[in-house]
>>> print(open('protein23.cif').read())   # mmCIF, C-alpha atoms
data_model
#
loop_
_atom_site.group_PDB
_atom_site.id
_atom_site.type_symbol
_atom_site.label_atom_id
_atom_site.label_comp_id
_atom_site.auth_asym_id
_atom_site.auth_seq_id
_atom_site.Cartn_x
_atom_site.Cartn_y
_atom_site.Cartn_z
ATOM 1 C CA MET A 1 5.156 -13.990 -20.629
ATOM 2 C CA THR A 2 3.296 -13.707 -17.340
ATOM 3 C CA VAL A 3 0.891 -16.036 -15.632
ATOM 4 C CA VAL A 4 -2.466 -14.674 -14.544
ATOM 5 C CA LEU A 5 -2.346 -15.339 -10.832
ATOM 6 C CA GLY A 6 -5.897 -14.461 -9.954
ATOM 7 C CA ARG A 7 -8.560 -11.935 -10.704
ATOM 8 C CA TRP A 8 -7.133 -9.601 -8.030
ATOM 9 C CA ASP A 9 -3.613 -9.617 -9.464
ATOM 10 C CA ARG A 10 -2.767 -6.919 -11.979
ATOM 11 C CA ASN A 11 0.949 -7.745 -12.133
ATOM 12 C CA ILE A 12 2.025 -4.431 -10.629
ATOM 13 C CA ASP A 13 5.771 -3.966 -10.343
ATOM 14 C CA PHE A 14 6.640 -2.947 -6.769
ATOM 15 C CA VAL A 15 9.529 -0.646 -7.701
ATOM 16 C CA VAL A 16 7.562 1.176 -10.410
ATOM 17 C CA ALA A 17 4.477 1.551 -8.205
ATOM 18 C CA LYS A 18 6.605 2.818 -5.311
ATOM 19 C CA ALA A 19 8.255 5.469 -7.501
ATOM 20 C CA THR A 20 4.868 6.492 -8.926
ATOM 21 C CA LEU A 21 3.318 6.896 -5.488
ATOM 22 C CA TYR A 22 6.350 8.624 -3.931
ATOM 23 C CA ASN A 23 6.278 11.148 -6.781
ATOM 24 C CA ALA A 24 2.535 11.680 -6.431
ATOM 25 C CA VAL A 25 2.736 12.251 -2.665
ATOM 26 C CA ASN A 26 5.712 14.606 -3.074
ATOM 27 C CA ASN A 27 4.158 16.590 -5.926
ATOM 28 C CA LEU A 28 0.756 16.917 -4.261
ATOM 29 C CA GLY A 29 2.320 17.746 -0.892
ATOM 30 C CA ASN A 30 4.466 20.432 -2.490
ATOM 31 C CA MET A 31 1.349 21.884 -4.118
ATOM 32 C CA LEU A 32 -0.497 22.018 -0.784
ATOM 33 C CA MET A 33 2.263 23.412 1.457
ATOM 34 C CA PRO A 34 2.239 26.981 0.036
ATOM 35 C CA LEU A 35 -1.560 27.137 0.492
ATOM 36 C CA LEU A 36 -1.380 26.718 4.281
ATOM 37 C CA PRO A 37 -3.231 27.646 6.438
ATOM 38 C CA ASN A 38 -5.896 27.425 3.710
ATOM 39 C CA LYS A 39 -6.968 24.085 2.248
ATOM 40 C CA ASP A 40 -7.699 22.781 -1.231
ATOM 41 C CA GLU A 41 -10.122 19.889 -0.785
ATOM 42 C CA ILE A 42 -9.686 18.428 -4.283
ATOM 43 C CA ILE A 43 -5.873 18.291 -4.138
ATOM 44 C CA GLY A 44 -6.111 17.308 -0.474
ATOM 45 C CA LYS A 45 -8.175 14.210 -1.275
ATOM 46 C CA LYS A 46 -5.720 13.154 -3.991
ATOM 47 C CA PHE A 47 -2.884 13.654 -1.505
ATOM 48 C CA ILE A 48 -4.700 11.507 1.058
ATOM 49 C CA TYR A 49 -5.509 8.693 -1.399
ATOM 50 C CA ASN A 50 -1.947 8.549 -2.737
ATOM 51 C CA SER A 51 -0.616 8.529 0.830
ATOM 52 C CA ILE A 52 -2.874 5.583 1.667
ATOM 53 C CA ALA A 53 -1.699 3.747 -1.467
ATOM 54 C CA LEU A 54 1.948 4.315 -0.544
ATOM 55 C CA ILE A 55 1.345 3.058 3.002
ATOM 56 C CA GLN A 56 -0.450 0.010 1.599
ATOM 57 C CA LEU A 57 2.296 -0.769 -0.899
ATOM 58 C CA VAL A 58 5.325 -0.434 1.397
ATOM 59 C CA ASN A 59 3.684 -2.251 4.313
ATOM 60 C CA GLY A 60 1.825 -4.930 2.336
ATOM 61 C CA THR A 61 -1.465 -4.129 4.032
ATOM 62 C CA ARG A 62 -5.009 -4.686 2.919
ATOM 63 C CA ALA A 63 -6.834 -1.548 1.739
ATOM 64 C CA GLY A 64 -8.839 -1.062 4.933
ATOM 65 C CA GLU A 65 -5.712 -1.449 7.049
ATOM 66 C CA ALA A 66 -3.928 1.246 5.055
ATOM 67 C CA VAL A 67 -6.878 3.628 5.501
ATOM 68 C CA GLU A 68 -6.860 2.961 9.251
ATOM 69 C CA ALA A 69 -3.073 3.382 9.370
ATOM 70 C CA LEU A 70 -3.260 6.874 7.838
ATOM 71 C CA LYS A 71 -6.036 7.807 10.272
ATOM 72 C CA LYS A 72 -3.932 6.619 13.210
ATOM 73 C CA PHE A 73 -0.865 8.442 11.898
ATOM 74 C CA ALA A 74 -2.859 11.675 11.440
ATOM 75 C CA ASN A 75 -4.055 11.444 15.051
ATOM 76 C CA GLU A 76 -0.832 10.315 16.722
ATOM 77 C CA GLY A 77 2.003 11.407 14.416
ATOM 78 C CA LYS A 78 4.164 8.344 15.107
ATOM 79 C CA GLN A 79 6.218 6.845 12.311
ATOM 80 C CA THR A 80 5.975 3.279 13.617
ATOM 81 C CA PHE A 81 2.951 1.752 15.336
ATOM 82 C CA THR A 82 0.740 -1.317 15.320
ATOM 83 C CA ILE A 83 -2.736 -1.919 13.974
ATOM 84 C CA ILE A 84 -5.031 -4.925 14.015
ATOM 85 C CA ALA A 85 -5.207 -6.770 10.681
ATOM 86 C CA GLU A 86 -8.775 -6.611 9.398
ATOM 87 C CA LYS A 87 -9.019 -10.226 8.222
ATOM 88 C CA THR A 88 -6.923 -12.192 10.709
ATOM 89 C CA LYS A 89 -7.254 -9.851 13.722
ATOM 90 C CA LEU A 90 -3.520 -10.259 14.293
ATOM 91 C CA GLU A 91 -1.455 -7.297 15.435
ATOM 92 C CA ARG A 92 0.871 -5.994 12.753
ATOM 93 C CA GLN A 93 3.463 -3.271 12.583
ATOM 94 C CA ILE A 94 3.124 -0.282 10.265
ATOM 95 C CA ARG A 95 5.932 2.057 9.259
ATOM 96 C CA ILE A 96 5.035 5.377 7.691
ATOM 97 C CA PRO A 97 7.380 6.226 4.773
ATOM 98 C CA ASP A 98 9.742 9.183 5.195
ATOM 99 C CA THR A 99 8.126 11.076 2.338
ATOM 100 C CA ILE A 100 4.849 11.061 4.271
ATOM 101 C CA MET A 101 6.632 12.121 7.469
ATOM 102 C CA LYS A 102 8.023 15.099 5.554
ATOM 103 C CA PHE A 103 4.469 16.458 5.158
ATOM 104 C CA LYS A 104 3.359 15.704 8.734
ATOM 105 C CA VAL A 105 1.813 19.175 9.118
ATOM 106 C CA LEU A 106 -0.501 18.531 6.149
ATOM 107 C CA TYR A 107 -1.918 15.395 7.771
ATOM 108 C CA SER A 108 -2.833 17.514 10.796
ATOM 109 C CA VAL A 109 -4.442 20.219 8.665
ATOM 110 C CA TYR A 110 -6.350 17.660 6.567
ATOM 111 C CA ASN A 111 -7.169 15.356 9.500
ATOM 112 C CA ASP A 112 -10.906 16.049 9.166
ATOM 113 C CA LEU A 113 -10.848 14.752 5.575
ATOM 114 C CA ILE A 114 -8.625 11.836 6.550
ATOM 115 C CA GLN A 115 -11.002 10.705 9.299
ATOM 116 C CA LYS A 116 -13.920 10.780 6.817
ATOM 117 C CA THR A 117 -12.036 8.734 4.217
ATOM 118 C CA THR A 118 -13.581 5.351 3.514
ATOM 119 C CA LYS A 119 -12.055 2.200 2.114
ATOM 120 C CA TYR A 120 -14.563 2.356 -0.748
ATOM 121 C CA ALA A 121 -13.570 5.921 -1.719
ATOM 122 C CA TYR A 122 -9.875 4.989 -1.635
ATOM 123 C CA VAL A 123 -10.313 1.780 -3.673
ATOM 124 C CA THR A 124 -12.436 3.643 -6.234
ATOM 125 C CA TYR A 125 -9.792 6.389 -6.576
ATOM 126 C CA LEU A 126 -7.024 3.805 -7.016
ATOM 127 C CA LYS A 127 -8.950 1.993 -9.750
ATOM 128 C CA ARG A 128 -9.953 5.177 -11.612
ATOM 129 C CA THR A 129 -6.573 6.898 -11.331
ATOM 130 C CA TYR A 130 -4.136 4.039 -11.841
ATOM 131 C CA GLY A 131 -6.292 1.117 -13.003
ATOM 132 C CA TRP A 132 -5.040 -0.827 -9.980
ATOM 133 C CA ASN A 133 -6.989 -3.229 -7.817
ATOM 134 C CA SER A 134 -6.002 -2.374 -4.234
ATOM 135 C CA HIS A 135 -5.089 -5.970 -3.403
ATOM 136 C CA SER A 136 -2.557 -5.871 -6.233
ATOM 137 C CA LEU A 137 -0.458 -3.525 -4.080
ATOM 138 C CA ARG A 138 -0.359 -6.137 -1.329
ATOM 139 C CA TYR A 139 0.579 -8.813 -3.836
ATOM 140 C CA ALA A 140 3.313 -6.601 -5.344
ATOM 141 C CA PHE A 141 4.805 -6.162 -1.854
ATOM 142 C CA ILE A 142 4.739 -9.906 -1.144
ATOM 143 C CA LYS A 143 6.170 -10.738 -4.574
ATOM 144 C CA HIS A 144 8.945 -8.167 -4.016
ATOM 145 C CA LEU A 145 9.886 -9.752 -0.676
ATOM 146 C CA ILE A 146 9.876 -13.249 -2.197
ATOM 147 C CA GLU A 147 12.144 -12.083 -5.007
ATOM 148 C CA LYS A 148 14.472 -10.464 -2.432
ATOM 149 C CA GLY A 149 14.815 -13.859 -0.745
ATOM 150 C CA TYR A 150 12.826 -13.353 2.448
ATOM 151 C CA SER A 151 11.382 -16.520 3.945
ATOM 152 C CA ALA A 152 7.701 -17.348 3.876
ATOM 153 C CA GLU A 153 7.720 -17.237 7.676
ATOM 154 C CA GLN A 154 9.078 -13.671 7.713
ATOM 155 C CA ILE A 155 6.585 -12.546 5.062
ATOM 156 C CA ALA A 156 3.671 -14.166 6.916
ATOM 157 C CA ILE A 157 4.543 -12.207 10.063
ATOM 158 C CA ILE A 158 4.938 -8.904 8.209
ATOM 159 C CA THR A 159 1.686 -9.304 6.270
ATOM 160 C CA ALA A 160 -0.289 -10.810 9.168
ATOM 161 C CA HIS A 161 -1.147 -14.008 7.336
ATOM 162 C CA LYS A 162 -2.706 -16.307 9.904
ATOM 163 C CA ARG A 163 -1.583 -19.427 8.030
ATOM 164 C CA ILE A 164 1.839 -19.931 6.485
ATOM 165 C CA ASN A 165 0.147 -21.783 3.590
ATOM 166 C CA THR A 166 -1.329 -18.498 2.359
ATOM 167 C CA THR A 167 2.167 -17.052 2.023
ATOM 168 C CA LEU A 168 3.467 -20.267 0.466
ATOM 169 C CA ASP A 169 0.696 -20.066 -2.159
ATOM 170 C CA TYR A 170 1.962 -16.608 -3.161
ATOM 171 C CA ALA A 171 5.532 -17.935 -3.333
ATOM 172 C CA ARG A 172 4.516 -20.882 -5.509
ATOM 173 C CA LYS A 173 2.753 -18.572 -7.955
ATOM 174 C CA VAL A 174 5.770 -16.239 -8.168
ATOM 175 C CA ASN A 175 8.086 -19.204 -8.756
ATOM 176 C CA ALA A 176 5.772 -20.676 -11.427
ATOM 177 C CA ASP A 177 5.785 -17.337 -13.238
ATOM 178 C CA LYS A 178 9.609 -17.266 -13.172
ATOM 179 C CA ILE A 179 9.829 -20.821 -14.546
ATOM 180 C CA LEU A 180 7.498 -20.059 -17.433
ATOM 181 C CA GLU A 181 9.398 -16.878 -18.220
ATOM 182 C CA GLN A 182 12.722 -18.770 -18.259
ATOM 183 C CA ILE A 183 11.296 -21.464 -20.552
ATOM 184 C CA GLN A 184 10.051 -18.809 -22.969
ATOM 185 C CA ASN A 185 13.510 -17.194 -23.041
ATOM 186 C CA ASP A 186 15.468 -20.454 -23.567
#
>>> encode(input="protein23.cif", output="structure tokens")
Amino acid sequence: MTVVLGRWDRNIDFVVAKATLYNAVNNLGNMLMPLLPNKDEIIGKKFIYNSIALIQLVNGTRAGEAVEALKKFANEGKQTFTIIAEKTKLERQIRIPDTIMKFKVLYSVYNDLIQKTTKYAYVTYLKRTYGWNSHSLRYAFIKHLIEKGYSAEQIAIITAHKRINTTLDYARKVNADKILEQIQND
């Protein structure tokens, strides 16, 4: 049994979502590489959207932050950098996954499409393709860290929560879900 944690939560499993997105980025990247120097705009957009989703999931960003992170990566090529969190305006670190680094040349070739990518287009793709609300990826990341035993303070810094109470609210909801699940299985 699971508890409905909010209208934005779709109870996405972090590990399953990560494998899904890694596979999508790898498969689409491998489809695009042999086409170089030519481009395929349809596959290219899917590649871009899945890359944004993977960045969002493994960094626990908001959707707009993940879009901006891919744009910055496409321009600068660095694996680790900082961005400004869209809601709190706090600086936060981003790390680009290795599977994205592997296709670095594609992000240069498709940089024009990347720079035109909007948060709305990305969120719409995510919903239509996977049935996921983009904020569910952020929640899956936070839930994963809570389950791994990271402190609320550490998670608040990583996710750029301005107030520790926001992170504690997530932790309380995860713990309530675990309690109800245990009671059902007793």
>>> resolve_selection(input="protein23.cif", expression="the PyMOL selection byres ((chain A and resi 66-68) around 9)", output="PyMOL selection string")
chain A and resi 49+52-57+59-65+69-73+83+94+114-115+117-119+122
>>> resolve_selection(input="protein23.cif", expression="the PyMOL selection byres ((chain A and resi 127-140) around 7)", output="list in words")
Trp8, Asp9, Arg10, Ile12, Asp13, Phe14, Gln56, Leu57, Gly60, Thr61, Arg62, Ala63, Val123, Thr124, Tyr125, Leu126, Phe141, Ile142, Lys143 and His144 of chain A
>>> write_last_selection(input="protein23.cif", atoms="C-alpha atoms", output="compact mmCIF listing (two decimals), in the coordinates of the input")
# COMPACT_ATOMS: atom_id res chain seq x y z
CA TRP A 8 -7.13 -9.60 -8.03
CA ASP A 9 -3.61 -9.62 -9.46
CA ARG A 10 -2.77 -6.92 -11.98
CA ILE A 12 2.02 -4.43 -10.63
CA ASP A 13 5.77 -3.97 -10.34
CA PHE A 14 6.64 -2.95 -6.77
CA GLN A 56 -0.45 0.01 1.60
CA LEU A 57 2.30 -0.77 -0.90
CA GLY A 60 1.82 -4.93 2.34
CA THR A 61 -1.46 -4.13 4.03
CA ARG A 62 -5.01 -4.69 2.92
CA ALA A 63 -6.83 -1.55 1.74
CA VAL A 123 -10.31 1.78 -3.67
CA THR A 124 -12.44 3.64 -6.23
CA TYR A 125 -9.79 6.39 -6.58
CA LEU A 126 -7.02 3.80 -7.02
CA PHE A 141 4.80 -6.16 -1.85
CA ILE A 142 4.74 -9.91 -1.14
CA LYS A 143 6.17 -10.74 -4.57
CA HIS A 144 8.94 -8.17 -4.02
>>> atom_distance(input="protein23.cif", atom1="CA of Glu41 in chain A", atom2="CA of Ala74 in chain A")
16.4 Å
>>> atom_distance(input="protein23.cif", atom1="CA of Lys102 in chain A", atom2="CA of Asn26 in chain A")
8.9 Å
>>> atom_distance(input="protein23.cif", atom1="CA of Leu106 in chain A", atom2="CA of Phe81 in chain A")
19.4 Å
>>> resolve_selection(input="protein23.cif", expression="the PyMOL selection byres ((chain A and resi 110) around 12)", output="number ranges by chain")
A: 29, 32-33, 36-48, 70-71, 73-75, 103-109, 111-117
>>> write_last_selection(input="protein23.cif", atoms="C-alpha atoms", output="short mmCIF file (atom, residue, chain, number, x, y, z; two decimals), in the coordinates of the input")
data_model
loop_
_atom_site.label_atom_id
_atom_site.label_comp_id
_atom_site.auth_asym_id
_atom_site.auth_seq_id
_atom_site.Cartn_x
_atom_site.Cartn_y
_atom_site.Cartn_z
CA GLY A 29 2.32 17.75 -0.89
CA LEU A 32 -0.50 22.02 -0.78
CA MET A 33 2.26 23.41 1.46
CA LEU A 36 -1.38 26.72 4.28
CA PRO A 37 -3.23 27.65 6.44
CA ASN A 38 -5.90 27.42 3.71
CA LYS A 39 -6.97 24.08 2.25
CA ASP A 40 -7.70 22.78 -1.23
CA GLU A 41 -10.12 19.89 -0.78
CA ILE A 42 -9.69 18.43 -4.28
CA ILE A 43 -5.87 18.29 -4.14
CA GLY A 44 -6.11 17.31 -0.47
CA LYS A 45 -8.18 14.21 -1.27
CA LYS A 46 -5.72 13.15 -3.99
CA PHE A 47 -2.88 13.65 -1.50
CA ILE A 48 -4.70 11.51 1.06
CA LEU A 70 -3.26 6.87 7.84
CA LYS A 71 -6.04 7.81 10.27
CA PHE A 73 -0.86 8.44 11.90
CA ALA A 74 -2.86 11.68 11.44
CA ASN A 75 -4.06 11.44 15.05
CA PHE A 103 4.47 16.46 5.16
CA LYS A 104 3.36 15.70 8.73
CA VAL A 105 1.81 19.18 9.12
CA LEU A 106 -0.50 18.53 6.15
CA TYR A 107 -1.92 15.40 7.77
CA SER A 108 -2.83 17.51 10.80
CA VAL A 109 -4.44 20.22 8.66
CA ASN A 111 -7.17 15.36 9.50
CA ASP A 112 -10.91 16.05 9.17
CA LEU A 113 -10.85 14.75 5.58
CA ILE A 114 -8.62 11.84 6.55
CA GLN A 115 -11.00 10.70 9.30
CA LYS A 116 -13.92 10.78 6.82
CA THR A 117 -12.04 8.73 4.22
#
>>> closest_residue(input="protein23.cif", among="A:Ala152, A:Met101, A:Tyr120, A:Glu91", to="Gly77 in chain A", atoms="only C-alpha atoms")
A:Met101
>>> decode(input="protein23.cif", residues="range 134-148 of chain A", atoms="all heavy atoms", output="CSV table (one decimal), in the first residue's frame")
chain,number,residue,atom,x,y,z
A,134,SER,N,6.9,16.1,-13.9
A,134,SER,CA,8.4,16.4,-13.8
A,134,SER,C,8.8,16.5,-12.3
A,134,SER,O,9.9,16.1,-12.0
A,134,SER,CB,8.7,17.7,-14.6
A,134,SER,OG,8.1,18.8,-14.0
A,135,HIS,N,7.9,17.0,-11.5
A,135,HIS,CA,8.3,17.2,-10.1
A,135,HIS,C,8.5,15.8,-9.4
A,135,HIS,O,9.1,15.7,-8.4
A,135,HIS,CB,7.4,18.1,-9.3
A,135,HIS,CG,8.0,18.7,-8.1
A,135,HIS,ND1,8.9,19.7,-8.1
A,135,HIS,CD2,7.8,18.4,-6.8
A,135,HIS,CE1,9.3,20.0,-6.9
A,135,HIS,NE2,8.7,19.3,-6.1
A,136,SER,N,7.8,14.8,-9.9
A,136,SER,CA,8.0,13.5,-9.4
A,136,SER,C,9.4,13.0,-9.4
A,136,SER,O,9.8,12.2,-8.6
A,136,SER,CB,7.0,12.5,-10.1
A,136,SER,OG,5.7,12.8,-9.9
A,137,LEU,N,10.2,13.4,-10.4
A,137,LEU,CA,11.6,13.1,-10.5
A,137,LEU,C,12.4,13.7,-9.3
A,137,LEU,O,13.2,13.0,-8.8
A,137,LEU,CB,12.2,13.5,-11.8
A,137,LEU,CG,11.5,12.9,-13.1
A,137,LEU,CD1,12.2,13.4,-14.3
A,137,LEU,CD2,11.6,11.4,-13.1
A,138,ARG,N,12.1,14.9,-9.0
A,138,ARG,CA,12.7,15.5,-7.9
A,138,ARG,C,12.3,14.8,-6.6
A,138,ARG,O,13.2,14.5,-5.7
A,138,ARG,CB,12.3,17.0,-7.8
A,138,ARG,CG,12.9,17.8,-6.7
A,138,ARG,CD,12.5,19.3,-6.9
A,138,ARG,NE,12.7,20.1,-5.7
A,138,ARG,CZ,13.9,20.7,-5.4
A,138,ARG,NH1,15.0,20.5,-6.2
A,138,ARG,NH2,14.1,21.5,-4.4
A,139,TYR,N,11.1,14.5,-6.4
A,139,TYR,CA,10.6,13.7,-5.2
A,139,TYR,C,11.3,12.4,-5.2
A,139,TYR,O,11.7,11.9,-4.1
A,139,TYR,CB,9.1,13.6,-5.2
A,139,TYR,CG,8.7,12.9,-4.0
A,139,TYR,CD1,8.7,13.4,-2.7
A,139,TYR,CD2,8.3,11.5,-4.1
A,139,TYR,CE1,8.4,12.7,-1.6
A,139,TYR,CE2,8.0,10.8,-2.9
A,139,TYR,CZ,8.0,11.4,-1.7
A,139,TYR,OH,7.7,10.7,-0.6
A,140,ALA,N,11.4,11.7,-6.3
A,140,ALA,CA,12.0,10.3,-6.3
A,140,ALA,C,13.5,10.4,-5.8
A,140,ALA,O,14.0,9.6,-5.1
A,140,ALA,CB,12.0,9.7,-7.7
A,141,PHE,N,14.2,11.5,-6.3
A,141,PHE,CA,15.6,11.7,-5.8
A,141,PHE,C,15.6,11.9,-4.3
A,141,PHE,O,16.5,11.3,-3.6
A,141,PHE,CB,16.1,12.9,-6.6
A,141,PHE,CG,17.5,13.4,-6.1
A,141,PHE,CD1,18.6,12.7,-6.6
A,141,PHE,CD2,17.7,14.5,-5.3
A,141,PHE,CE1,19.9,13.1,-6.2
A,141,PHE,CE2,18.9,14.9,-4.9
A,141,PHE,CZ,20.0,14.2,-5.4
A,142,ILE,N,14.8,12.8,-3.8
A,142,ILE,CA,14.8,13.1,-2.4
A,142,ILE,C,14.4,11.9,-1.6
A,142,ILE,O,15.1,11.5,-0.6
A,142,ILE,CB,13.8,14.3,-2.1
A,142,ILE,CG1,14.4,15.6,-2.7
A,142,ILE,CG2,13.6,14.5,-0.6
A,142,ILE,CD1,13.4,16.7,-2.7
A,143,LYS,N,13.4,11.2,-2.0
A,143,LYS,CA,13.0,9.9,-1.3
A,143,LYS,C,14.1,8.9,-1.3
A,143,LYS,O,14.4,8.3,-0.3
A,143,LYS,CB,11.8,9.3,-2.0
A,143,LYS,CG,11.2,8.1,-1.4
A,143,LYS,CD,10.0,7.6,-2.1
A,143,LYS,CE,9.5,6.3,-1.5
A,143,LYS,NZ,8.3,5.8,-2.3
A,144,HIS,N,14.9,8.8,-2.4
A,144,HIS,CA,16.0,7.9,-2.5
A,144,HIS,C,17.1,8.3,-1.5
A,144,HIS,O,17.6,7.4,-0.8
A,144,HIS,CB,16.5,7.9,-4.0
A,144,HIS,CG,17.7,7.0,-4.2
A,144,HIS,ND1,17.6,5.6,-4.3
A,144,HIS,CD2,19.0,7.3,-4.4
A,144,HIS,CE1,18.8,5.1,-4.5
A,144,HIS,NE2,19.7,6.1,-4.6
A,145,LEU,N,17.4,9.5,-1.4
A,145,LEU,CA,18.4,10.0,-0.5
A,145,LEU,C,18.0,9.7,1.0
A,145,LEU,O,18.8,9.3,1.8
A,145,LEU,CB,18.7,11.4,-0.7
A,145,LEU,CG,19.4,11.8,-2.0
A,145,LEU,CD1,19.7,13.3,-2.0
A,145,LEU,CD2,20.7,11.0,-2.2
A,146,ILE,N,16.7,10.0,1.3
A,146,ILE,CA,16.2,9.7,2.6
A,146,ILE,C,16.3,8.2,3.0
A,146,ILE,O,16.8,7.9,4.0
A,146,ILE,CB,14.7,10.2,2.7
A,146,ILE,CG1,14.6,11.7,2.7
A,146,ILE,CG2,14.1,9.6,4.0
A,146,ILE,CD1,13.2,12.2,2.5
A,147,GLU,N,15.9,7.4,2.0
A,147,GLU,CA,16.0,5.9,2.2
A,147,GLU,C,17.5,5.4,2.4
A,147,GLU,O,17.7,4.4,3.0
A,147,GLU,CB,15.3,5.2,1.1
A,147,GLU,CG,13.8,5.4,1.2
A,147,GLU,CD,13.0,4.8,0.0
A,147,GLU,OE1,13.6,4.5,-1.0
A,147,GLU,OE2,11.8,4.7,0.1
A,148,LYS,N,18.4,6.2,1.8
A,148,LYS,CA,19.8,5.8,1.9
A,148,LYS,C,20.4,6.3,3.2
A,148,LYS,O,21.6,6.1,3.5
A,148,LYS,CB,20.6,6.4,0.7
A,148,LYS,CG,20.3,5.7,-0.6
A,148,LYS,CD,21.0,4.4,-0.7
A,148,LYS,CE,20.9,3.8,-2.0
A,148,LYS,NZ,21.5,2.4,-2.0
